[in-house]
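For reference, start.tsv (TSV, C-alpha atoms):
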```
chain	number	residue	atom	x	y	z
X	1	MET	CA	4.48	13.10	4.98
X	2	PRO	CA	6.37	16.14	3.71
X	3	THR	CA	3.97	19.02	3.16
X	4	ASP	CA	5.85	20.79	0.39
X	5	SER	CA	8.86	20.47	-1.90
X	6	GLY	CA	11.08	22.32	0.57
X	7	ASP	CA	10.36	19.82	3.34
X	8	PHE	CA	10.91	16.96	0.90
X	9	THR	CA	14.28	18.38	-0.16
X	10	THR	CA	15.34	18.78	3.48
X	11	GLU	CA	14.41	15.16	4.24
X	12	ILE	CA	16.31	13.82	1.24
X	13	ALA	CA	19.36	15.93	2.05
X	14	SER	CA	19.30	14.67	5.63
X	15	ALA	CA	19.08	11.06	4.50
X	16	ALA	CA	21.86	11.58	1.96
X	17	ALA	CA	24.08	13.12	4.66
X	18	VAL	CA	23.62	10.00	6.80
X	19	TYR	CA	24.43	7.89	3.76
X	20	ARG	CA	27.76	9.69	3.31
X	21	VAL	CA	28.92	9.42	6.94
X	22	PRO	CA	32.22	7.46	6.82
X	23	ARG	CA	32.91	4.45	8.99
X	24	PRO	CA	34.72	5.44	12.20
X	25	PRO	CA	38.53	5.03	11.86
X	26	GLY	CA	39.81	1.77	13.26
X	27	ASP	CA	36.34	0.29	13.70
X	28	LYS	CA	36.52	-2.87	11.64
X	29	GLY	CA	34.28	-5.06	13.75
X	30	ALA	CA	31.32	-7.02	12.42
X	31	ALA	CA	28.93	-4.98	14.55
X	32	SER	CA	30.09	-1.75	12.93
X	33	ARG	CA	29.70	-3.21	9.45
X	34	GLU	CA	26.22	-4.42	10.30
X	35	ARG	CA	25.26	-0.99	11.61
X	36	GLY	CA	26.66	0.55	8.45
X	37	ARG	CA	24.61	-1.71	6.19
X	38	PHE	CA	21.51	-1.04	8.25
X	39	ILE	CA	21.80	2.75	8.13
X	40	ARG	CA	22.84	2.82	4.46
X	41	LYS	CA	19.85	0.69	3.59
X	42	MET	CA	17.53	3.14	5.32
X	43	ALA	CA	19.22	6.14	3.73
X	44	SER	CA	19.12	4.52	0.30
X	45	ALA	CA	15.40	3.86	0.73
X	46	ALA	CA	14.91	7.50	1.68
X	47	VAL	CA	16.74	8.73	-1.40
X	48	THR	CA	14.90	6.33	-3.71
X	49	PHE	CA	11.44	6.84	-2.27
X	50	SER	CA	9.56	9.68	-0.66
X	51	VAL	CA	10.13	10.10	3.05
X	52	LEU	CA	7.73	10.07	5.93
X	53	ARG	CA	8.54	13.05	8.15
X	54	PRO	CA	10.95	11.56	10.72
X	55	SER	CA	11.53	13.15	14.08
X	56	PRO	CA	14.73	15.18	14.68
X	57	ALA	CA	16.03	12.23	16.69
X	58	VAL	CA	15.75	9.99	13.65
X	59	ARG	CA	17.52	12.56	11.47
X	60	ARG	CA	20.43	12.65	13.96
X	61	LEU	CA	21.27	8.98	13.36
X	62	ARG	CA	24.99	8.46	12.81
X	63	LEU	CA	26.99	5.46	11.67
X	64	SER	CA	29.12	5.68	14.80
X	65	ASP	CA	26.11	5.28	17.11
X	66	PRO	CA	26.02	1.97	19.01
X	67	PRO	CA	22.96	-0.20	18.30
X	68	SER	CA	21.35	0.74	21.62
X	69	LEU	CA	21.54	4.45	20.72
X	70	GLN	CA	20.23	3.81	17.20
X	71	ARG	CA	17.33	1.94	18.77
X	72	SER	CA	16.69	4.80	21.20
X	73	LYS	CA	16.66	7.41	18.45
X	74	LEU	CA	14.41	5.41	16.16
X	75	SER	CA	12.06	4.64	19.05
X	76	ALA	CA	11.17	8.33	19.05
X	77	ARG	CA	9.42	7.54	15.77
X	78	LEU	CA	8.61	3.89	16.46
X	79	PRO	CA	7.58	3.41	20.12
X	80	ARG	CA	6.43	-0.17	19.54
X	81	PHE	CA	10.06	-1.28	19.00
X	82	ARG	CA	11.54	0.14	22.23
X	83	SER	CA	11.66	-3.27	23.87
X	84	LEU	CA	13.64	-4.97	21.10
X	85	SER	CA	17.21	-6.01	21.76
X	86	PRO	CA	19.88	-4.35	19.57
X	87	ALA	CA	20.48	-7.60	17.69
X	88	LEU	CA	16.81	-8.18	16.92
X	89	PHE	CA	16.40	-4.48	16.17
X	90	ARG	CA	19.08	-4.67	13.48
X	91	ARG	CA	17.47	-7.75	11.93
X	92	THR	CA	14.01	-6.15	11.74
X	93	HIS	CA	13.15	-4.54	8.41
X	94	LEU	CA	12.27	-1.11	9.82
X	95	THR	CA	12.56	0.83	6.59
X	96	ARG	CA	8.90	0.28	5.79
X	97	PHE	CA	7.93	2.14	8.99
X	98	LEU	CA	10.17	5.12	8.21
X	99	PHE	CA	9.93	5.31	4.45
X	100	THR	CA	6.90	4.72	2.25
X	101	PRO	CA	7.21	4.37	-1.53
X	102	LYS	CA	5.54	7.40	-3.03
X	103	ALA	CA	5.60	6.12	-6.58
X	104	SER	CA	6.33	2.82	-8.19
X	105	VAL	CA	9.50	2.32	-10.16
X	106	GLY	CA	9.82	0.44	-13.41
X	107	SER	CA	9.79	0.89	-17.17
X	108	ALA	CA	7.62	2.80	-19.62
X	109	GLU	CA	5.23	-0.17	-19.80
X	110	HIS	CA	5.27	-1.38	-16.21
X	111	ALA	CA	5.51	-0.07	-12.66
X	112	VAL	CA	7.10	-2.18	-9.92
X	113	GLU	CA	5.63	-2.30	-6.43
X	114	PRO	CA	8.93	-1.85	-4.57
X	115	ALA	CA	8.26	-3.88	-1.42
X	116	THR	CA	7.29	-7.07	-3.31
X	117	GLY	CA	8.86	-6.59	-6.76
X	118	VAL	CA	5.52	-7.28	-8.48
X	119	LYS	CA	5.13	-5.65	-11.89
X	120	PHE	CA	1.93	-3.87	-12.85
X	121	PRO	CA	1.19	-2.70	-16.40
X	122	LYS	CA	0.65	1.05	-16.58
X	123	ALA	CA	-2.39	0.46	-18.78
X	124	LEU	CA	-4.75	-2.46	-18.18
X	125	ARG	CA	-7.80	-3.84	-19.96
X	126	VAL	CA	-9.80	-6.00	-17.54
X	127	PRO	CA	-12.70	-8.35	-18.29
X	128	GLY	CA	-15.97	-6.41	-18.52
X	129	SER	CA	-14.27	-3.04	-18.90
X	130	SER	CA	-15.17	-0.90	-21.89
X	131	SER	CA	-11.78	0.81	-22.12
X	132	SER	CA	-8.16	0.65	-20.99
X	133	LEU	CA	-7.57	1.78	-17.40
X	134	ALA	CA	-4.58	3.77	-16.13
X	135	LEU	CA	-2.48	2.74	-13.14
X	136	LEU	CA	-2.79	5.29	-10.31
X	137	GLY	CA	-0.68	3.63	-7.62
X	138	THR	CA	0.53	0.42	-6.02
X	139	GLY	CA	0.96	-1.02	-2.54
X	140	TYR	CA	0.97	-4.25	-0.60
X	141	ARG	CA	-0.99	-6.06	2.10
X	142	GLU	CA	0.86	-7.39	5.08
X	143	LYS	CA	-0.22	-9.53	8.00
X	144	VAL	CA	1.75	-9.17	11.22
X	145	PHE	CA	2.43	-12.22	13.37
X	146	ALA	CA	4.01	-11.15	16.69
X	147	ILE	CA	6.44	-8.54	15.33
X	148	ILE	CA	7.10	-10.22	11.98
X	149	GLY	CA	5.34	-8.77	8.94
X	150	VAL	CA	4.40	-11.28	6.24
X	151	LYS	CA	3.50	-9.84	2.85
X	152	VAL	CA	0.42	-11.51	1.34
X	153	TYR	CA	-0.18	-9.63	-1.90
X	154	ALA	CA	0.69	-6.59	-3.94
X	155	ALA	CA	-2.06	-4.44	-5.45
X	156	GLY	CA	-2.38	-1.87	-8.18
X	157	PHE	CA	-5.33	0.49	-8.51
X	158	TYR	CA	-6.59	1.51	-11.96
X	159	ALA	CA	-9.20	3.92	-13.27
X	160	GLU	CA	-10.22	5.65	-16.45
X	161	SER	CA	-8.21	8.83	-16.87
X	162	SER	CA	-11.45	10.83	-17.00
X	163	ILE	CA	-11.70	10.35	-13.21
X	164	ARG	CA	-9.82	13.65	-12.98
X	165	ASP	CA	-12.99	15.45	-14.10
X	166	SER	CA	-14.93	14.09	-11.12
X	167	LEU	CA	-12.21	15.24	-8.74
X	168	SER	CA	-11.63	18.70	-10.18
X	169	ASP	CA	-12.96	20.35	-6.98
X	170	TRP	CA	-9.69	19.32	-5.31
X	171	LYS	CA	-7.45	20.75	-8.02
X	172	GLY	CA	-4.56	22.63	-6.41
X	173	ARG	CA	-6.27	22.73	-3.01
X	174	ARG	CA	-4.66	19.94	-1.05
X	175	THR	CA	-1.37	18.18	-0.44
X	176	ALA	CA	-1.34	14.39	-0.73
X	177	ALA	CA	-1.28	14.10	3.07
X	178	GLU	CA	-4.37	16.31	3.39
X	179	LEU	CA	-6.21	14.43	0.65
X	180	SER	CA	-5.46	11.15	2.38
X	181	GLU	CA	-7.43	12.34	5.42
X	182	ASP	CA	-10.36	13.74	3.39
X	183	SER	CA	-13.13	11.13	3.33
X	184	SER	CA	-15.18	13.20	0.86
X	185	PHE	CA	-12.33	12.91	-1.66
X	186	PHE	CA	-12.51	9.12	-1.63
X	187	SER	CA	-16.31	9.14	-1.61
X	188	SER	CA	-16.24	11.24	-4.79
X	189	MET	CA	-13.65	8.85	-6.18
X	190	PHE	CA	-15.96	5.88	-5.57
X	191	GLU	CA	-19.04	7.66	-6.95
X	192	ALA	CA	-17.23	8.91	-10.07
X	193	PRO	CA	-18.99	7.53	-13.18
X	194	VAL	CA	-15.86	5.80	-14.43
X	195	GLU	CA	-14.62	2.24	-14.31
X	196	LYS	CA	-12.12	1.41	-11.56
X	197	SER	CA	-10.25	-1.80	-10.84
X	198	LEU	CA	-8.10	-3.26	-8.09
X	199	ASP	CA	-5.51	-5.70	-9.47
X	200	ILE	CA	-4.30	-8.01	-6.68
X	201	VAL	CA	-1.28	-10.28	-7.18
X	202	LEU	CA	-0.54	-12.90	-4.53
X	203	VAL	CA	3.07	-13.17	-3.38
X	204	ARG	CA	2.47	-16.44	-1.51
X	205	ASP	CA	0.08	-19.40	-1.67
X	206	VAL	CA	-3.24	-18.78	0.07
X	207	ASP	CA	-6.24	-21.06	0.18
X	208	GLY	CA	-9.41	-19.46	-1.15
X	209	LYS	CA	-11.35	-19.74	2.08
X	210	THR	CA	-8.66	-17.87	4.01
X	211	PHE	CA	-8.53	-15.16	1.36
X	212	TRP	CA	-12.30	-14.72	1.40
X	213	ASN	CA	-12.44	-14.67	5.20
X	214	ALA	CA	-9.89	-11.83	5.18
X	215	LEU	CA	-11.98	-9.90	2.63
X	216	ASP	CA	-15.18	-10.57	4.56
X	217	ASP	CA	-13.51	-9.21	7.73
X	218	VAL	CA	-12.94	-5.99	5.78
X	219	ILE	CA	-16.40	-5.78	4.17
X	220	SER	CA	-18.98	-6.98	6.69
X	221	PRO	CA	-18.14	-4.62	9.60
X	222	ARG	CA	-18.49	-1.68	7.21
X	223	ILE	CA	-22.10	-2.53	6.30
X	224	LYS	CA	-24.12	-1.03	9.12
X	225	ASN	CA	-27.60	-2.19	8.06
X	226	PRO	CA	-27.27	-5.18	5.70
X	227	MET	CA	-30.21	-5.84	3.39
X	228	GLY	CA	-31.22	-9.06	1.66
X	229	ASP	CA	-29.33	-8.09	-1.48
X	230	ASP	CA	-26.20	-7.55	0.58
X	231	GLU	CA	-26.34	-11.04	2.08
X	232	SER	CA	-26.83	-12.55	-1.37
X	233	ALA	CA	-23.93	-10.52	-2.75
X	234	LEU	CA	-21.64	-11.61	0.09
X	235	SER	CA	-22.57	-15.23	-0.56
X	236	THR	CA	-21.75	-14.85	-4.26
X	237	PHE	CA	-18.50	-13.10	-3.37
X	238	GLY	CA	-17.46	-15.92	-1.04
X	239	ARG	CA	-18.29	-18.71	-3.52
X	240	ALA	CA	-15.93	-17.15	-6.05
X	241	PHE	CA	-12.99	-17.94	-3.72
X	242	GLN	CA	-13.88	-20.66	-1.25
X	243	GLN	CA	-13.32	-23.66	-3.51
X	244	ARG	CA	-10.06	-22.38	-4.98
X	245	GLU	CA	-6.40	-22.88	-4.14
X	246	LEU	CA	-4.88	-19.50	-4.81
X	247	LYS	CA	-1.24	-20.01	-5.74
X	248	LYS	CA	1.54	-17.46	-5.70
X	249	GLU	CA	1.26	-15.05	-8.69
X	250	THR	CA	-2.51	-15.55	-8.96
X	251	ARG	CA	-4.08	-12.28	-10.18
X	252	ILE	CA	-7.46	-11.13	-8.91
X	253	CYS	CA	-9.22	-8.19	-10.54
X	254	LEU	CA	-12.02	-6.49	-8.62
X	255	THR	CA	-13.60	-4.07	-11.08
X	256	TRP	CA	-16.17	-1.44	-10.15
X	257	VAL	CA	-18.05	-0.91	-13.42
X	258	ARG	CA	-20.34	1.38	-11.45
X	259	PRO	CA	-20.96	1.71	-7.70
X	260	SER	CA	-23.73	-0.89	-7.76
X	261	ARG	CA	-21.93	-3.42	-9.99
X	262	MET	CA	-18.55	-5.05	-9.41
X	263	LEU	CA	-16.91	-7.83	-11.43
X	264	ILE	CA	-14.55	-10.48	-10.05
X	265	SER	CA	-11.96	-12.07	-12.35
X	266	ILE	CA	-9.36	-14.59	-11.19
X	267	SER	CA	-6.43	-16.13	-13.07
X	268	SER	CA	-3.51	-18.29	-11.99
X	269	ALA	CA	-1.70	-17.65	-15.29
X	270	GLY	CA	-1.33	-14.01	-16.24
X	271	SER	CA	-4.05	-11.40	-16.42
X	272	PRO	CA	-7.64	-12.65	-16.12
X	273	THR	CA	-9.61	-13.02	-19.33
X	274	ALA	CA	-13.07	-13.95	-17.99
X	275	ILE	CA	-15.57	-12.79	-15.40
X	276	ASP	CA	-15.93	-15.26	-12.50
X	277	ALA	CA	-18.61	-13.47	-10.48
X	278	GLU	CA	-20.74	-10.33	-10.45
X	279	ILE	CA	-21.58	-8.42	-7.26
X	280	LEU	CA	-24.77	-6.35	-7.47
X	281	SER	CA	-24.80	-4.53	-4.16
X	282	SER	CA	-23.87	-0.89	-3.64
X	283	ASN	CA	-23.32	-1.52	0.08
X	284	VAL	CA	-20.92	-4.43	-0.45
X	285	ASN	CA	-19.07	-2.66	-3.24
X	286	ARG	CA	-18.69	0.54	-1.23
X	287	ALA	CA	-17.59	-1.39	1.87
X	288	LEU	CA	-14.83	-3.09	-0.09
X	289	PHE	CA	-13.68	0.23	-1.56
X	290	ASP	CA	-13.73	1.80	1.90
X	291	GLY	CA	-11.63	-1.06	3.20
X	292	PHE	CA	-8.81	0.02	0.90
X	293	PHE	CA	-9.33	3.79	0.84
X	294	GLY	CA	-11.23	4.67	4.01
X	295	LYS	CA	-10.07	5.01	7.59
X	296	ASN	CA	-7.68	2.24	8.71
X	297	PRO	CA	-7.12	0.84	5.18
X	298	VAL	CA	-5.87	-2.71	4.77
X	299	SER	CA	-2.96	-1.32	2.74
X	300	SER	CA	-1.75	2.09	3.82
X	301	THR	CA	0.94	1.96	1.12
X	302	LEU	CA	-1.68	1.55	-1.62
X	303	LYS	CA	-3.82	4.38	-0.29
X	304	ALA	CA	-0.82	6.71	-0.05
X	305	SER	CA	0.43	5.83	-3.52
X	306	VAL	CA	-2.99	6.22	-5.17
X	307	THR	CA	-3.63	9.49	-3.35
X	308	ASP	CA	-0.38	10.88	-4.64
X	309	GLY	CA	-1.09	9.58	-8.14
X	310	LEU	CA	-4.49	11.29	-8.17
X	311	ARG	CA	-3.06	14.51	-6.77
X	312	MET	CA	-0.56	14.65	-9.62
X	313	MET	CA	-3.27	13.79	-12.15
X	314	ILE	CA	-5.70	16.51	-11.09
X	315	GLY	CA	-2.95	19.11	-10.50
```

Written form, C-alpha cells:
Amino acid sequence: MPTDSGDFTTEIASAAAVYRVPRPPGDKGAASRERGRFIRKMASAAVTFSVLRPSPAVRRLRLSDPPSLQRSKLSARLPRFRSLSPALFRRTHLTRFLFTPKASVGSAEHAVEPATGVKFPKALRVPGSSSSLALLGTGYREKVFAIIGVKVYAAGFYAESSIRDSLSDWKGRRTAAELSEDSSFFSSMFEAPVEKSLDIVLVRDVDGKTFWNALDDVISPRIKNPMGDDESALSTFGRAFQQRELKKETRICLTWVRPSRMLISISSAGSPTAIDAEILSSNVNRALFDGFFGKNPVSSTLKASVTDGLRMMIG
C-alpha cells in the first residue's frame, strides 16, 4: 500500500504511462489485441482505484511484451501464478491481486462495491439500532476453487459517526497500511460504545447451512475457551440460517449493539425490517468481528476499505 501521497502519485503516473503505450506498428494480431486489453484493464483499474505497491518489474510492463514476459514480470509480485500458461494467464482476472479498491464509487446516496457492483446506502438504519449508521467501507468475500475465485457476497461496514471519538488516539499517527496491522486499533473499534453493523449482500444462491458452516469456521477457532453461554449463542446463531435458502441479493445485517449483544436480521427483499435472532455472548461477537478485522480476515478488501475510511474520518 502506498505510504504517502507522493508514492500514490508515482504509482498512478506509472499505471497511466502503461495505459498510454501505443500498440506496436504492424502488430495487428489477435494476441497483441488481447495483451492490449489485458494491460489497459489493469492500468484502468490502477487509475480508478488505489494501487497496491507493485514491484519495479510490474511497473516495467509494456504493451509490446509477449505474454510469457508479462507473466514473468507479474510473477515477481504474484509467485503463485508462475506456472500458468500465457493463455490461461491472460484469462485470469489478476487485477484484484495487483489493485485493491480503496474507496467505493457511486452516487451521493449510495456507494458501489466495485468488484461485485452491489450498492450500499451511505446511511443505514438497521433493525434494533437507535440511530442511522454511516458507511465506512465495502469489500467482498471470495472462495477459491483451484485457481478460480468465486465471489460469494459483498459487504458494507457501518457505525455511528461518533466512533471517531473512541479512536482519537490514532489521529494523525498512522497511515492506513500501519493501522491495518495494529490489532489494538481494531480492538478499540470493537469496544467502542457505539452501534456497528455488517451489511452482507449475497451475489449468488447459497443454502443456509453452507453459509452458517462458513461463519462457524470463522468464529469457533477464535474462541479459545468456550463457555456454556458461547455454545448456546452459537446454536442460536446457526438456527437463524440452517433452515433457510439464501437467494442471490439476500441481505444479512449483523449488528453489534454493544460487544455483548449482536442482532441478526435477514431479508430476501430489500433491507431487513425485523430482528431474526439475538446473540448474547461477548466471545462469539468478538470472534465474528475478529474474523473480518483481525489477522487473516475473510475479506481483505473490506478490512482495507474500512481502515481507510476510519483513517479519513479521524484525520

Open item on the list: If we count all atoms listed in the file and set the cut-off at 10 Å, which residues sit around segment 288-302 of chain X, ignoring sequence neighbours fewer than 2 positions away in its own chain? Please answer as a PyMOL selection string.
Closed with: chain X and resi 96+100-103+113+115+136-143+153-157+180-187+189-190+198+214-223+254+256+259+282-286+304-308

Task: One-decimal distance in Å that lies between atom CA of Thr255 of chain X and atom CA of Ala192 of chain X - done: 13.5 Å

Task: Among listed residues X:Gly128, X:Arg164, X:Met227, X:Val194, nearest Ala277 of chain X (using all atoms listed in the file) - done: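 Checking each of X:Gly128, X:Arg164, X:Met227, X:Val194 against Ala277 of chain X, counting all atoms listed in the file, the winner is X:Gly128.
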
Task: Nearest candidate to Ser268 of chain X (options X:Thr116, X:Ser281, X:Thr250, X:Ser232; using only C-alpha atoms) - done: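 Under the stated criterion, the closest residue is X:Thr250.
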
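Atom pair atom CA of Asp205 of chain X / atom CA of Phe237 of chain X has a distance of 19.7 Å (rounded to one decimal).
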
Open item on the list: Please report the interatomic distance between atom CA of Ser267 of chain X and atom CA of Val126 of chain X in Å with one decimal.
Closed with: 11.6 Å
